[in-house]
$ cat work_28.txt   # compact mmCIF, C-alpha atoms
# COMPACT_ATOMS: atom_id res chain seq x y z
CA MET A 1 68.05 -17.90 25.14
CA GLY A 2 65.28 -20.07 26.50
CA SER A 3 63.35 -17.04 27.64
CA ALA A 4 64.01 -15.37 24.34
CA ASP A 5 62.72 -18.39 22.45
CA SER A 6 59.63 -18.69 24.62
CA SER A 7 58.85 -15.03 24.12
CA ALA A 8 59.52 -15.16 20.42
CA VAL A 9 57.08 -17.98 19.91
CA PRO A 10 54.10 -16.19 21.47
CA GLY A 11 55.12 -13.07 19.60
CA GLY A 12 55.15 -15.00 16.34
CA THR A 13 51.77 -16.54 17.19
CA ASN A 14 50.20 -13.15 17.86
CA GLU A 15 51.68 -11.84 14.64
CA VAL A 16 49.85 -14.57 12.76
CA LYS A 17 46.55 -14.31 14.63
CA SER A 18 46.06 -10.56 14.44
CA PRO A 19 46.40 -10.27 10.65
CA SER A 20 44.04 -13.23 10.24
CA SER A 21 41.34 -11.44 12.25
CA ILE A 22 41.84 -8.27 10.23
CA GLU A 23 41.80 -10.30 7.05
CA ARG A 24 38.44 -11.82 7.99
CA ILE A 25 37.01 -8.36 8.55
CA ARG A 26 38.32 -7.20 5.20
CA ARG A 27 36.96 -10.25 3.41
CA LEU A 28 33.51 -9.66 4.88
CA GLU A 29 33.69 -6.00 3.85
CA ALA A 30 34.76 -7.01 0.34
CA LEU A 31 31.88 -9.47 0.00
CA GLU A 32 29.38 -6.91 1.24
CA GLN A 33 30.82 -4.27 -1.09
CA GLU A 34 30.52 -6.64 -4.04
CA ARG A 35 26.89 -7.30 -3.18
CA LEU A 36 26.09 -3.58 -2.96
CA GLU A 37 27.95 -2.90 -6.22
CA GLU A 38 25.99 -5.64 -7.96
CA GLN A 39 22.75 -4.16 -6.65
CA ARG A 40 23.75 -0.72 -7.96
CA ARG A 41 24.62 -2.20 -11.36
CA LYS A 42 21.23 -3.92 -11.52
CA ASP A 43 19.47 -0.66 -10.64
CA GLU A 44 21.41 1.21 -13.31
CA ARG A 45 20.65 -1.40 -15.97
CA ARG A 46 16.99 -1.32 -14.96
CA ARG A 47 16.78 2.43 -15.36
CA GLN A 48 18.54 2.32 -18.70
CA ILE A 49 16.24 -0.41 -19.98
CA ILE A 50 12.98 1.10 -18.76
CA ALA A 51 13.60 4.83 -19.00
CA GLY A 52 16.43 5.11 -21.47
CA SER A 53 16.83 8.36 -23.33
CA THR A 54 13.55 9.76 -24.57
CA PRO A 55 14.04 10.70 -28.24
CA SER A 56 12.89 14.06 -29.56
CA GLY A 57 12.43 15.80 -32.85
CA GLY A 58 10.29 15.04 -35.87
CA ARG A 59 7.43 12.64 -35.28
CA HIS A 60 8.59 12.03 -31.71
CA ASP A 61 7.49 15.56 -30.86
CA LEU A 62 4.17 14.95 -32.60
CA VAL A 63 3.55 11.85 -30.48
CA ASP A 64 4.36 13.80 -27.31
CA LYS A 65 1.99 16.56 -28.38
CA ILE A 66 -0.83 14.06 -29.00
CA GLU A 67 -0.36 12.64 -25.53
CA ARG A 68 -0.26 16.07 -23.88
CA VAL A 69 -3.52 17.04 -25.57
CA THR A 70 -5.35 13.80 -24.82
CA LYS A 71 -4.13 12.85 -21.34
CA TYR A 72 -6.76 14.85 -19.43
CA PRO A 73 -9.69 13.78 -21.65
CA LEU A 74 -8.49 10.17 -21.38
CA ALA A 75 -8.33 10.42 -17.59
CA LEU A 76 -11.95 11.66 -17.58
CA LEU A 77 -12.82 8.86 -20.00
CA GLY A 78 -11.43 6.30 -17.54
CA ILE A 79 -13.49 7.77 -14.69
CA ALA A 80 -16.64 7.75 -16.83
CA TRP A 81 -15.99 4.14 -17.87
CA LEU A 82 -15.62 3.11 -14.23
CA VAL A 83 -18.83 4.87 -13.16
CA ILE A 84 -20.85 3.29 -15.98
CA ALA A 85 -19.38 -0.15 -15.23
CA ILE A 86 -20.37 0.15 -11.56
CA VAL A 87 -23.91 1.14 -12.55
CA VAL A 88 -24.20 -1.79 -14.95
CA LEU A 89 -22.95 -4.28 -12.36
CA THR A 90 -24.90 -2.98 -9.35
CA LYS A 91 -28.21 -1.88 -10.86
CA ASP A 92 -30.86 -4.17 -12.25
CA LEU A 93 -31.33 -2.52 -15.61
CA ASN A 94 -33.36 -3.90 -18.49
CA GLY A 95 -34.24 -2.90 -22.00
CA SER A 96 -32.87 0.17 -23.72
CA ALA A 97 -31.16 1.59 -20.60
CA SER A 98 -28.99 -1.49 -20.19
CA THR A 99 -28.17 -1.56 -23.91
CA ALA A 100 -27.23 2.10 -23.92
CA LEU A 101 -24.92 1.76 -20.92
CA VAL A 102 -23.18 -1.33 -22.27
CA GLY A 103 -22.81 0.41 -25.62
CA SER A 104 -21.27 3.39 -23.86
CA LEU A 105 -18.72 1.12 -22.22
CA PHE A 106 -17.63 -0.28 -25.58
CA ALA A 107 -17.58 3.20 -27.16
CA LEU A 108 -15.33 4.60 -24.44
CA TRP A 109 -13.05 1.58 -24.67
CA ALA A 110 -12.85 1.99 -28.46
CA MET A 111 -11.88 5.65 -28.08
CA ALA A 112 -8.99 4.75 -25.79
CA LEU A 113 -7.87 2.02 -28.18
CA VAL A 114 -7.97 4.33 -31.20
CA GLU A 115 -5.93 7.03 -29.45
CA TYR A 116 -3.28 4.48 -28.47
CA ALA A 117 -3.20 3.00 -31.98
CA ILE A 118 -2.72 6.48 -33.51
CA ARG A 119 0.33 7.12 -31.33
CA LEU A 120 1.79 3.74 -32.24
CA VAL A 121 1.33 4.47 -35.94
CA VAL A 122 2.81 7.97 -35.70
CA THR A 123 5.90 7.12 -33.66
CA PRO A 124 8.97 6.34 -35.81
CA ASP A 125 10.50 4.00 -33.22
CA ARG A 126 7.66 1.66 -32.31
CA ARG A 127 9.84 -0.92 -30.56
CA GLY A 128 11.59 1.65 -28.36
CA TYR A 129 8.26 3.35 -27.65
CA LEU A 130 6.73 0.09 -26.43
CA LYS A 131 9.85 -0.75 -24.45
CA ARG A 132 9.84 2.55 -22.55
CA ARG A 133 6.08 2.36 -21.91
CA TRP A 134 5.53 -1.37 -21.52
CA VAL A 135 2.66 -0.98 -19.02
CA GLU A 136 0.59 1.26 -21.31
CA PRO A 137 -1.44 -1.61 -22.92
CA ALA A 138 -2.95 -2.15 -19.46
CA THR A 139 -4.52 1.32 -19.71
CA VAL A 140 -6.33 0.23 -22.87
CA VAL A 141 -7.49 -3.10 -21.47
CA VAL A 142 -8.67 -1.44 -18.23
CA PRO A 143 -9.72 2.14 -19.10
CA PRO A 144 -9.79 3.45 -15.49
CA ARG A 145 -5.99 3.21 -15.61
CA GLN A 146 -5.90 6.01 -18.16
CA GLY A 147 -5.12 8.27 -15.21
CA TRP A 148 -1.57 6.94 -15.39
CA HIS A 149 -1.00 9.35 -18.27
CA LEU A 150 -1.18 12.21 -15.77
CA VAL A 151 1.85 10.79 -13.97
CA GLY A 152 3.73 9.85 -17.13
CA MET A 153 3.86 6.40 -18.70
CA GLU A 154 7.67 6.18 -18.57
CA LYS A 155 7.63 6.95 -14.86
CA VAL A 156 4.78 4.52 -14.20
CA SER A 157 6.63 1.80 -16.12
CA LEU A 158 9.71 2.40 -14.01
CA LEU A 159 7.70 2.36 -10.77
CA VAL A 160 5.95 -0.88 -11.71
CA TYR A 161 9.26 -2.47 -12.61
CA GLU A 162 10.75 -1.36 -9.29
CA ALA A 163 7.77 -2.91 -7.50
CA GLU A 164 8.37 -6.16 -9.37
CA LEU A 165 12.05 -6.17 -8.39
CA ARG A 166 11.13 -5.45 -4.78
CA ALA A 167 8.60 -8.29 -4.77
CA GLU A 168 11.18 -10.60 -6.34
CA THR A 169 13.73 -9.65 -3.69
CA ILE A 170 11.23 -10.32 -0.91
CA LEU A 171 10.22 -13.69 -2.38
CA LYS A 172 13.85 -14.79 -2.72
CA HIS A 173 14.75 -13.69 0.81
CA HIS A 174 15.20 -16.79 2.99
CA SER A 175 13.19 -18.88 0.48
CA LEU A 176 10.00 -16.94 1.21
CA PHE A 177 8.48 -18.23 -2.04
CA ARG A 178 8.80 -21.81 -0.78
CA VAL A 179 7.18 -20.83 2.50
CA LEU A 180 4.29 -19.31 0.55
CA ILE A 181 3.90 -22.49 -1.50
CA ALA A 182 3.95 -24.60 1.66
CA ALA A 183 1.38 -22.35 3.36
CA ALA A 184 -0.95 -22.37 0.34
CA GLY A 185 -0.58 -26.14 -0.07
CA THR A 186 -1.34 -26.72 3.60
CA LEU A 187 -4.38 -24.46 3.43
CA PHE A 188 -5.95 -26.00 0.32
CA LEU A 189 -5.11 -29.56 1.36
CA GLY A 190 -6.62 -28.99 4.79
CA ALA A 191 -9.76 -27.53 3.23
CA TRP A 192 -10.12 -30.57 0.96
CA LEU A 193 -9.66 -33.05 3.83
CA VAL A 194 -12.18 -31.22 6.01
CA LEU A 195 -14.68 -31.27 3.17
CA LEU A 196 -14.28 -35.06 2.87
CA PHE A 197 -15.24 -35.50 6.53
CA GLU A 198 -17.83 -32.73 6.79
CA GLU A 199 -19.71 -32.82 3.50
CA ASN A 200 -22.13 -35.56 4.61
CA ALA A 201 -21.69 -35.32 8.37
CA LYS A 202 -24.77 -34.77 10.54
CA GLY A 203 -25.09 -31.16 11.65
CA SER A 204 -22.24 -30.01 9.42
CA ASN A 205 -22.15 -26.48 8.03
CA ILE A 206 -19.33 -27.10 5.52
CA HIS A 207 -20.90 -28.48 2.34
CA SER A 208 -18.77 -27.03 -0.47
CA TYR A 209 -15.11 -26.47 -1.21
CA PRO A 210 -15.41 -22.65 -1.08
CA ASP A 211 -16.88 -23.02 2.41
CA ALA A 212 -14.00 -25.30 3.36
CA VAL A 213 -11.41 -22.88 2.00
CA TRP A 214 -13.05 -20.01 3.90
CA TRP A 215 -12.93 -22.07 7.10
CA ALA A 216 -9.26 -22.96 6.49
CA ILE A 217 -8.30 -19.31 5.95
CA VAL A 218 -10.15 -18.20 9.08
CA THR A 219 -8.52 -21.00 11.08
CA VAL A 220 -4.94 -20.44 9.88
CA THR A 221 -5.10 -16.68 10.46
CA THR A 222 -6.58 -17.26 13.97
CA VAL A 223 -9.54 -14.99 13.18
CA GLY A 224 -12.13 -17.61 14.10
CA TYR A 225 -15.45 -16.12 12.97
CA GLY A 226 -17.29 -19.28 13.97
CA ASP A 227 -19.64 -19.27 10.99
CA ARG A 228 -18.00 -22.49 9.68
CA PHE A 229 -16.59 -25.21 11.92
CA PRO A 230 -16.07 -28.99 11.79
CA VAL A 231 -18.36 -31.27 13.78
CA SER A 232 -16.98 -34.72 12.93
CA ALA A 233 -14.01 -36.34 14.67
CA GLY A 234 -12.03 -36.49 11.43
CA GLY A 235 -12.75 -32.86 10.63
CA ARG A 236 -11.61 -31.75 14.08
CA ALA A 237 -8.42 -33.80 13.77
CA VAL A 238 -7.67 -32.03 10.49
CA ALA A 239 -8.43 -28.72 12.21
CA VAL A 240 -5.86 -29.45 14.95
CA VAL A 241 -3.16 -30.27 12.40
CA LEU A 242 -4.07 -27.21 10.33
CA MET A 243 -3.91 -24.93 13.35
CA LEU A 244 -0.52 -26.23 14.50
CA VAL A 245 1.15 -26.37 11.10
CA GLY A 246 -0.64 -23.43 9.49
CA ILE A 247 -0.04 -20.98 12.32
CA GLY A 248 3.65 -21.90 12.30
CA LEU A 249 3.88 -21.25 8.57
CA ILE A 250 2.11 -17.91 8.90
CA GLY A 251 4.52 -16.98 11.69
CA VAL A 252 7.52 -17.85 9.52
CA LEU A 253 5.99 -15.83 6.69
CA THR A 254 5.54 -12.77 8.89
CA ALA A 255 9.04 -13.04 10.35
CA THR A 256 10.61 -13.41 6.89
CA VAL A 257 8.85 -10.32 5.54
CA ALA A 258 9.89 -8.36 8.63
CA SER A 259 13.51 -9.45 8.17
CA VAL A 260 13.43 -8.07 4.60
CA PHE A 261 12.66 -4.57 5.87
CA VAL A 262 15.29 -4.88 8.62
CA LYS A 263 17.88 -5.93 6.03
CA GLU A 264 17.00 -2.99 3.77
CA HIS A 265 17.44 -0.60 6.69
CA THR A 266 20.82 -2.20 7.44
CA ASP A 267 21.92 -1.90 3.82
CA ALA A 268 21.11 1.80 3.88
CA ASN A 269 23.71 2.28 6.63
CA LYS A 270 26.44 0.17 5.01
CA ALA A 271 28.04 3.08 3.18
CA VAL A 272 28.22 5.11 6.40
CA PHE A 273 29.89 2.32 8.36
CA LYS A 274 32.26 1.19 5.60
CA LYS A 275 34.60 4.15 6.02
CA GLY A 276 34.82 3.53 9.76
CA HIS A 277 35.56 -0.15 9.13
CA ASP A 278 38.40 0.73 6.76
CA GLU A 279 39.95 3.12 9.25
CA LEU A 280 39.59 0.55 12.02
CA GLY A 281 41.31 -2.08 9.89
CA GLN A 282 44.23 0.25 9.23
CA GLN A 283 44.57 1.11 12.91
CA LEU A 284 44.50 -2.56 13.87
CA SER A 285 47.24 -3.29 11.35
CA VAL A 286 49.46 -0.55 12.84
CA ILE A 287 48.78 -1.74 16.39
CA SER A 288 49.50 -5.34 15.41
CA ASP A 289 52.84 -4.37 13.88
CA ARG A 290 53.83 -2.35 16.93
CA LEU A 291 52.87 -5.15 19.33
CA ALA A 292 54.86 -7.66 17.30
CA ASP A 293 57.89 -5.35 17.38
CA VAL A 294 57.58 -4.84 21.15
CA GLU A 295 57.32 -8.58 21.75
CA ARG A 296 60.36 -9.26 19.61
CA ARG A 297 62.35 -6.62 21.52
CA LEU A 298 61.27 -7.90 24.95
CA GLY A 299 62.54 -11.39 24.25
CA ALA A 300 65.58 -10.48 22.16
CA SER A 301 69.23 -10.89 23.09
CA PRO A 302 71.66 -7.92 22.82
CA ALA A 303 72.85 -9.18 19.45
CA GLU A 304 69.24 -9.46 18.22
CA MET A 305 68.48 -5.97 19.57
CA ALA A 306 71.41 -4.57 17.61
CA SER A 307 70.12 -6.34 14.53
CA LEU A 308 66.61 -4.94 15.05
CA ASP A 309 67.98 -1.41 15.53
CA ALA A 310 70.07 -1.73 12.38
CA ALA A 311 67.02 -2.89 10.43
CA ALA A 312 64.97 0.00 11.81
CA ASP A 313 67.71 2.50 10.88
CA ALA A 314 67.89 1.06 7.37
CA GLU A 315 64.11 1.32 6.98
CA ALA A 316 64.14 4.91 8.26
CA ALA A 317 66.94 5.82 5.85
CA ALA A 318 65.00 4.27 2.98
CA ASN A 319 61.85 6.19 3.91
CA GLY A 320 63.60 9.55 4.12
CA PRO A 321 64.48 11.93 6.94
CA ILE A 322 62.53 11.63 10.16
CA GLU A 323 60.41 14.59 11.26
CA PRO A 324 61.16 16.11 14.69
CA ASP A 325 57.94 14.81 16.28
CA GLN A 326 58.58 11.36 14.86
CA SER A 327 62.23 11.28 16.14
CA ALA A 328 61.00 12.32 19.54
CA SER A 329 58.42 9.59 19.65
CA THR A 330 61.03 7.09 18.38
CA SER A 331 63.46 8.00 21.10

$ encode --input "work_28.txt" --output "structure tokens"
Amino acid sequence: MGSADSSAVPGGTNEVKSPSSIERIRRLEALEQERLEEQRRKDERRRQIIAGSTPSGGRHDLVDKIERVTKYPLALLGIAWLVIAIVVLTKDLNGSASTALVGSLFALWAMALVEYAIRLVVTPDRRGYLKRRWVEPATVVVPPRQGWHLVGMEKVSLLVYEAELRAETILKHHSLFRVLIAAAGTLFLGAWLVLLFEENAKGSNIHSYPDAVWWAIVTVTTVGYGDRFPVSAGGRAVAVVLMLVGIGLIGVLTATVASVFVKEHTDANKAVFKKGHDELGQQLSVISDRLADVERRLGASPAEMASLDAAADAEAAANGPIEPDQSASTS
């Protein structure tokens, strides 16, 4: 009986350990599945909120017709507005030419505004219209964006919203937003300290805060143009600290962004691997049960063997007749 007891104890221990390992795998799978389900629910809610169901009939069709007729002229209007704005900003124009060009800018902007206002007045569901096309006011404020009408404002709104969600996901990943704040704070603080030392130093070439910020950016990114550099002892000490701390922060920033893309690639393969994990868990459960049964039989007395056989026969009778291949494997 001593050998039977010593064998039964390890068998019992293995019976506890194996299910615990399988249970950990299943818990991890369940957590990952919950995360993916939550992401899918967020995506679905986003599409319902932004796209929704586009209404039709009545004045809705009239609004769609107005947009179809005007989208190409408005795209040309945006291009013309951009060309005139570039000319006004880059050319030294005086007199009537300058007045005419500036007047043309305002006239083109007014045309885009009037067309948008007409559609808002005509549509019977103004709130839903604005909700589905929430980025459209930007095309009025900045006329070159009128080309978005060629793509479709609902689609552009959805794409912009997806970009916002992607940026939010990246910023939340491993506290990237905090890293950005720390990097920006280090950069601007270093620029201010360098300016304190260099502004009145002999032979200095950093005399304003924009120059100091430019030097700090060039230093942190290891570009090192050499057009701005500290000459005082205090300024060089700040430069050493900025190089050591700033480069580390930039490295963390780069690694965090890279890990976001790696994680997205991993998530894309989760669905493929999940089925294999489930099958593996089931196979491990069967193997664990069989090993536990073998260990019990190896350390069992004749009376315990008879009891185990009786329990097996009762289970087989409860489960129905045994197939030929199964009876052969059992024997």

$ atom_distance --input "work_28.txt" --atom1 "atom CA of A:Leu249" --atom2 "atom CA of A:Pro210"
21.6 Å

$ atom_distance --input "work_28.txt" --atom1 "atom CA of A:Leu74" --atom2 "atom CA of A:Gln146"
5.9 Å

$ closest_residue --input "work_28.txt" --among "A:Gly246, A:Pro302, A:Gly203, A:Gly103" --to "A:Gly185" --atoms "all atoms listed in the file"
A:Gly246

$ atom_distance --input "work_28.txt" --atom1 "atom CA of A:Ile206" --atom2 "atom CA of A:Leu253"
27.7 Å

$ residues_around --input "work_28.txt" --residues "A:Ser208" --least-positions-apart "3" --cutoff "8 Å" --atoms "all atoms listed in the file" --output "VMD selection string"
chain A and resid 195 199 211 to 212

$ residues_around --input "work_28.txt" --residues "A:Ala107" --least-positions-apart "6" --cutoff "10 Å" --atoms "only C-alpha atoms" --output "JSON list (two decimals) with C-alpha atoms, in the frame of the given file"
[["chain", "number", "residue", "atom", "x", "y", "z"],
["A", 81, "TRP", "CA", -15.99, 4.14, -17.87],
["A", 101, "LEU", "CA", -24.92, 1.76, -20.92],
["A", 113, "LEU", "CA", -7.87, 2.02, -28.18]]

$ closest_residue --input "work_28.txt" --among "A:Leu244, A:Ile66, A:Ala191, A:Ala255" --to "A:Val179" --atoms "all atoms listed in the file"
A:Ala255

$ closest_residue --input "work_28.txt" --among "A:Ala112, A:Val102, A:Val135, A:Leu150" --to "A:Lys71" --atoms "all atoms listed in the file"
A:Leu150

$ closest_residue --input "work_28.txt" --among "A:Ala292, A:Ala303, A:Ala182, A:Ala201" --to "A:Gly248" --atoms "all atoms listed in the file"
A:Ala182

$ residues_around --input "work_28.txt" --residues "A:Pro230" --least-positions-apart "5" --cutoff "7 Å" --atoms "all atoms listed in the file" --output "list in words"
Glu198, Ser204, Gly235 and Arg236 of chain A

$ residues_around --input "work_28.txt" --residues "A:Leu159" --least-positions-apart "3" --cutoff "12 Å" --atoms "all atoms listed in the file" --output "list in words"
Arg46, Arg47, Ile50, Ala51, Arg132, Arg133, Trp134, Val135, Trp148, Val151, Gly152, Met153, Glu154, Lys155, Val156, Glu162, Ala163, Glu164, Leu165 and Arg166 of chain A

$ decode --input "work_28.txt" --residues "stretch 136-147 of chain A" --atoms "all heavy atoms" --output "PDB file, in the first residue's frame"
ATOM      1  N   GLU A 136     -17.223  68.466 -43.126  1.00  0.00           N
ATOM      2  CA  GLU A 136     -17.487  69.340 -44.277  1.00  0.00           C
ATOM      3  C   GLU A 136     -17.261  70.822 -43.994  1.00  0.00           C
ATOM      4  O   GLU A 136     -16.822  71.549 -44.902  1.00  0.00           O
ATOM      5  CB  GLU A 136     -18.903  69.115 -44.797  1.00  0.00           C
ATOM      6  CG  GLU A 136     -19.156  69.818 -46.121  1.00  0.00           C
ATOM      7  CD  GLU A 136     -20.453  69.394 -46.777  1.00  0.00           C
ATOM      8  OE1 GLU A 136     -21.238  68.673 -46.126  1.00  0.00           O
ATOM      9  OE2 GLU A 136     -20.686  69.779 -47.938  1.00  0.00           O
ATOM     10  N   PRO A 137     -17.540  71.360 -42.773  1.00  0.00           N
ATOM     11  CA  PRO A 137     -17.224  72.780 -42.535  1.00  0.00           C
ATOM     12  C   PRO A 137     -15.770  73.134 -42.814  1.00  0.00           C
ATOM     13  O   PRO A 137     -15.470  74.287 -43.164  1.00  0.00           O
ATOM     14  CB  PRO A 137     -17.580  72.968 -41.054  1.00  0.00           C
ATOM     15  CG  PRO A 137     -18.664  71.974 -40.813  1.00  0.00           C
ATOM     16  CD  PRO A 137     -18.298  70.784 -41.648  1.00  0.00           C
ATOM     17  N   ALA A 138     -14.863  72.168 -42.696  1.00  0.00           N
ATOM     18  CA  ALA A 138     -13.456  72.446 -42.997  1.00  0.00           C
ATOM     19  C   ALA A 138     -13.261  72.770 -44.470  1.00  0.00           C
ATOM     20  O   ALA A 138     -12.341  73.522 -44.833  1.00  0.00           O
ATOM     21  CB  ALA A 138     -12.592  71.250 -42.607  1.00  0.00           C
ATOM     22  N   THR A 139     -14.119  72.238 -45.351  1.00  0.00           N
ATOM     23  CA  THR A 139     -13.992  72.550 -46.771  1.00  0.00           C
ATOM     24  C   THR A 139     -14.417  73.979 -47.074  1.00  0.00           C
ATOM     25  O   THR A 139     -14.003  74.546 -48.087  1.00  0.00           O
ATOM     26  CB  THR A 139     -14.852  71.583 -47.603  1.00  0.00           C
ATOM     27  OG1 THR A 139     -16.240  71.776 -47.282  1.00  0.00           O
ATOM     28  CG2 THR A 139     -14.471  70.149 -47.317  1.00  0.00           C
ATOM     29  N   VAL A 140     -15.264  74.548 -46.212  1.00  0.00           N
ATOM     30  CA  VAL A 140     -15.664  75.942 -46.398  1.00  0.00           C
ATOM     31  C   VAL A 140     -14.604  76.877 -45.842  1.00  0.00           C
ATOM     32  O   VAL A 140     -14.258  77.899 -46.446  1.00  0.00           O
ATOM     33  CB  VAL A 140     -17.027  76.195 -45.726  1.00  0.00           C
ATOM     34  CG1 VAL A 140     -17.444  77.652 -45.886  1.00  0.00           C
ATOM     35  CG2 VAL A 140     -18.084  75.286 -46.329  1.00  0.00           C
ATOM     36  N   VAL A 141     -14.063  76.532 -44.683  1.00  0.00           N
ATOM     37  CA  VAL A 141     -13.027  77.366 -44.070  1.00  0.00           C
ATOM     38  C   VAL A 141     -11.765  77.366 -44.924  1.00  0.00           C
ATOM     39  O   VAL A 141     -11.117  78.402 -45.109  1.00  0.00           O
ATOM     40  CB  VAL A 141     -12.725  76.868 -42.648  1.00  0.00           C
ATOM     41  CG1 VAL A 141     -11.594  77.678 -42.017  1.00  0.00           C
ATOM     42  CG2 VAL A 141     -13.974  76.956 -41.776  1.00  0.00           C
ATOM     43  N   VAL A 142     -11.411  76.209 -45.454  1.00  0.00           N
ATOM     44  CA  VAL A 142     -10.212  76.079 -46.311  1.00  0.00           C
ATOM     45  C   VAL A 142     -10.682  75.576 -47.675  1.00  0.00           C
ATOM     46  O   VAL A 142     -10.792  74.361 -47.899  1.00  0.00           O
ATOM     47  CB  VAL A 142      -9.185  75.116 -45.693  1.00  0.00           C
ATOM     48  CG1 VAL A 142      -7.907  75.088 -46.538  1.00  0.00           C
ATOM     49  CG2 VAL A 142      -8.875  75.508 -44.250  1.00  0.00           C
ATOM     50  N   PRO A 143     -10.970  76.453 -48.615  1.00  0.00           N
ATOM     51  CA  PRO A 143     -11.540  76.045 -49.908  1.00  0.00           C
ATOM     52  C   PRO A 143     -10.767  74.993 -50.688  1.00  0.00           C
ATOM     53  O   PRO A 143     -11.407  74.211 -51.417  1.00  0.00           O
ATOM     54  CB  PRO A 143     -11.609  77.373 -50.693  1.00  0.00           C
ATOM     55  CG  PRO A 143     -11.771  78.401 -49.631  1.00  0.00           C
ATOM     56  CD  PRO A 143     -10.936  77.925 -48.482  1.00  0.00           C
ATOM     57  N   PRO A 144      -9.431  74.898 -50.606  1.00  0.00           N
ATOM     58  CA  PRO A 144      -8.759  73.824 -51.359  1.00  0.00           C
ATOM     59  C   PRO A 144      -9.237  72.429 -50.981  1.00  0.00           C
ATOM     60  O   PRO A 144      -9.072  71.482 -51.756  1.00  0.00           O
ATOM     61  CB  PRO A 144      -7.280  74.018 -51.010  1.00  0.00           C
ATOM     62  CG  PRO A 144      -7.152  75.489 -50.745  1.00  0.00           C
ATOM     63  CD  PRO A 144      -8.437  75.861 -50.069  1.00  0.00           C
ATOM     64  N   ARG A 145      -9.864  72.279 -49.819  1.00  0.00           N
ATOM     65  CA  ARG A 145     -10.379  70.979 -49.417  1.00  0.00           C
ATOM     66  C   ARG A 145     -11.712  70.635 -50.079  1.00  0.00           C
ATOM     67  O   ARG A 145     -12.289  69.586 -49.779  1.00  0.00           O
ATOM     68  CB  ARG A 145     -10.544  70.934 -47.897  1.00  0.00           C
ATOM     69  CG  ARG A 145      -9.224  70.977 -47.150  1.00  0.00           C
ATOM     70  CD  ARG A 145      -9.425  71.023 -45.658  1.00  0.00           C
ATOM     71  NE  ARG A 145      -8.163  70.995 -44.950  1.00  0.00           N
ATOM     72  CZ  ARG A 145      -8.020  71.205 -43.643  1.00  0.00           C
ATOM     73  NH1 ARG A 145      -9.105  71.441 -42.899  1.00  0.00           N
ATOM     74  NH2 ARG A 145      -6.824  71.165 -43.071  1.00  0.00           N
ATOM     75  N   GLN A 146     -12.182  71.471 -50.965  1.00  0.00           N
ATOM     76  CA  GLN A 146     -13.412  71.164 -51.678  1.00  0.00           C
ATOM     77  C   GLN A 146     -13.280  69.898 -52.522  1.00  0.00           C
ATOM     78  O   GLN A 146     -14.282  69.283 -52.893  1.00  0.00           O
ATOM     79  CB  GLN A 146     -13.796  72.336 -52.586  1.00  0.00           C
ATOM     80  CG  GLN A 146     -14.247  73.586 -51.855  1.00  0.00           C
ATOM     81  CD  GLN A 146     -15.599  73.412 -51.197  1.00  0.00           C
ATOM     82  OE1 GLN A 146     -16.399  72.581 -51.613  1.00  0.00           O
ATOM     83  NE2 GLN A 146     -15.866  74.207 -50.160  1.00  0.00           N
ATOM     84  N   GLY A 147     -12.050  69.509 -52.796  1.00  0.00           N
ATOM     85  CA  GLY A 147     -11.830  68.268 -53.542  1.00  0.00           C
ATOM     86  C   GLY A 147     -12.313  67.031 -52.802  1.00  0.00           C
ATOM     87  O   GLY A 147     -12.478  65.963 -53.406  1.00  0.00           O
TER      88      GLY A 147
END
